Every structure is written in structure tokens, then in C-alpha cells.
Amino acid sequence: MMVYLATTNKEANVNYLGPASLEEMAKQIYLVVGAAGPNKECLFKLEYASQDLSNAVREYSSTMLS
């Protein structure tokens with residue numbers, strides 16, 4: 001597992017947008033190319049993982065209520 005940690009210091013992190021909407025963050029991730037290549041694959045995997053986690057939580061919650 002890889003975890004990306006960043007700073008809000010704009011001098012140290014030129015890619016920090018500041019407070020941004022989900023659309024702005026998605027656009028930034030989609031357009032940036034990092035050392036490992038384009039970040040758009042990361043964006044799509046993040047979306048899939050978020051949906052998968054949401055479904056798992058919903059399923060778990062429904063078993064707790066029954």
C-alpha cells in the first residue's frame with residue numbers, strides 16, 4: 001500500500017490547490033503527470049475504491065439493522 005502525504009505549504013507543494021471543490025480536485029488529479037506517469041488511472045481507481053467502500057458500508061449497516 002502506498003500513502004501520499006502532502007503539505008499545504010504552497011512553496012513546498014506546488015500542486016496544492018488550497019480549498020477546492022471535488023470537480024477541481026478531480027481535474028487536477030486527471031491532468032497532472034507524476035514521476036510514475038499519468039495520474040488519471042489513480043483518479044479512476046480512487047473513484048472505484050470509494051464506491052466499493054460505500055457499498056460495503058451499506059451492506060454491513062443493513063446486517064446490523066436486521
# chains A, B, ... in the order shown; residues from 1 in each chain; ligands from 1
>>> select_by_dssp(residues="chain A", states="alpha helix (DSSP H)", output="PyMOL selection string")
chain A and resi 22-31+40-65
>>> residues_around(residues="stretch 37-51 of chain A", least_positions_apart="6", cutoff="12 Å", atoms="only C-alpha atoms", output="compact mmCIF listing (two decimals) with N, CA and C atoms, in the first residue's frame")
# COMPACT_ATOMS: atom_id res chain seq x y z
N MET A 2 0.50 2.20 -0.80
CA MET A 2 1.22 3.46 -0.85
C MET A 2 0.30 4.57 -0.33
N TYR A 4 0.06 8.78 0.07
CA TYR A 4 0.62 10.07 -0.34
C TYR A 4 0.30 11.08 0.74
N LEU A 22 -14.74 19.18 -5.35
CA LEU A 22 -14.42 17.85 -5.87
C LEU A 22 -14.08 17.90 -7.35
N GLU A 23 -14.80 18.73 -8.10
CA GLU A 23 -14.54 18.85 -9.54
C GLU A 23 -13.14 19.40 -9.80
N MET A 25 -10.54 19.22 -7.75
CA MET A 25 -9.56 18.21 -7.35
C MET A 25 -9.46 17.11 -8.40
N ALA A 26 -10.60 16.66 -8.91
CA ALA A 26 -10.59 15.62 -9.94
C ALA A 26 -9.86 16.10 -11.19
N LYS A 27 -10.11 17.33 -11.60
CA LYS A 27 -9.44 17.89 -12.79
C LYS A 27 -7.93 17.95 -12.57
N GLN A 28 -7.51 18.41 -11.39
CA GLN A 28 -6.08 18.50 -11.07
C GLN A 28 -5.43 17.12 -11.12
N ILE A 29 -6.07 16.13 -10.49
CA ILE A 29 -5.52 14.77 -10.49
C ILE A 29 -5.45 14.23 -11.91
N TYR A 30 -6.51 14.44 -12.69
CA TYR A 30 -6.60 13.92 -14.06
C TYR A 30 -5.51 14.49 -14.97
N LEU A 31 -5.23 15.78 -14.83
CA LEU A 31 -4.31 16.45 -15.75
C LEU A 31 -2.83 16.30 -15.39
N VAL A 57 -19.98 -0.61 3.28
CA VAL A 57 -20.54 0.01 4.50
C VAL A 57 -22.05 -0.13 4.50
N ARG A 58 -22.68 0.12 3.36
CA ARG A 58 -24.14 0.00 3.26
C ARG A 58 -24.57 -1.44 3.56
>>> atom_distance(atom1="atom CA of A:Ala36", atom2="atom CA of A:Tyr16")
18.6 Å
>>> atom_distance(atom1="atom CA of A:Ala6", atom2="atom CA of A:Val33")
16.3 Å
>>> atom_distance(atom1="atom CA of A:Pro19", atom2="atom CA of A:Ser54")
24.0 Å
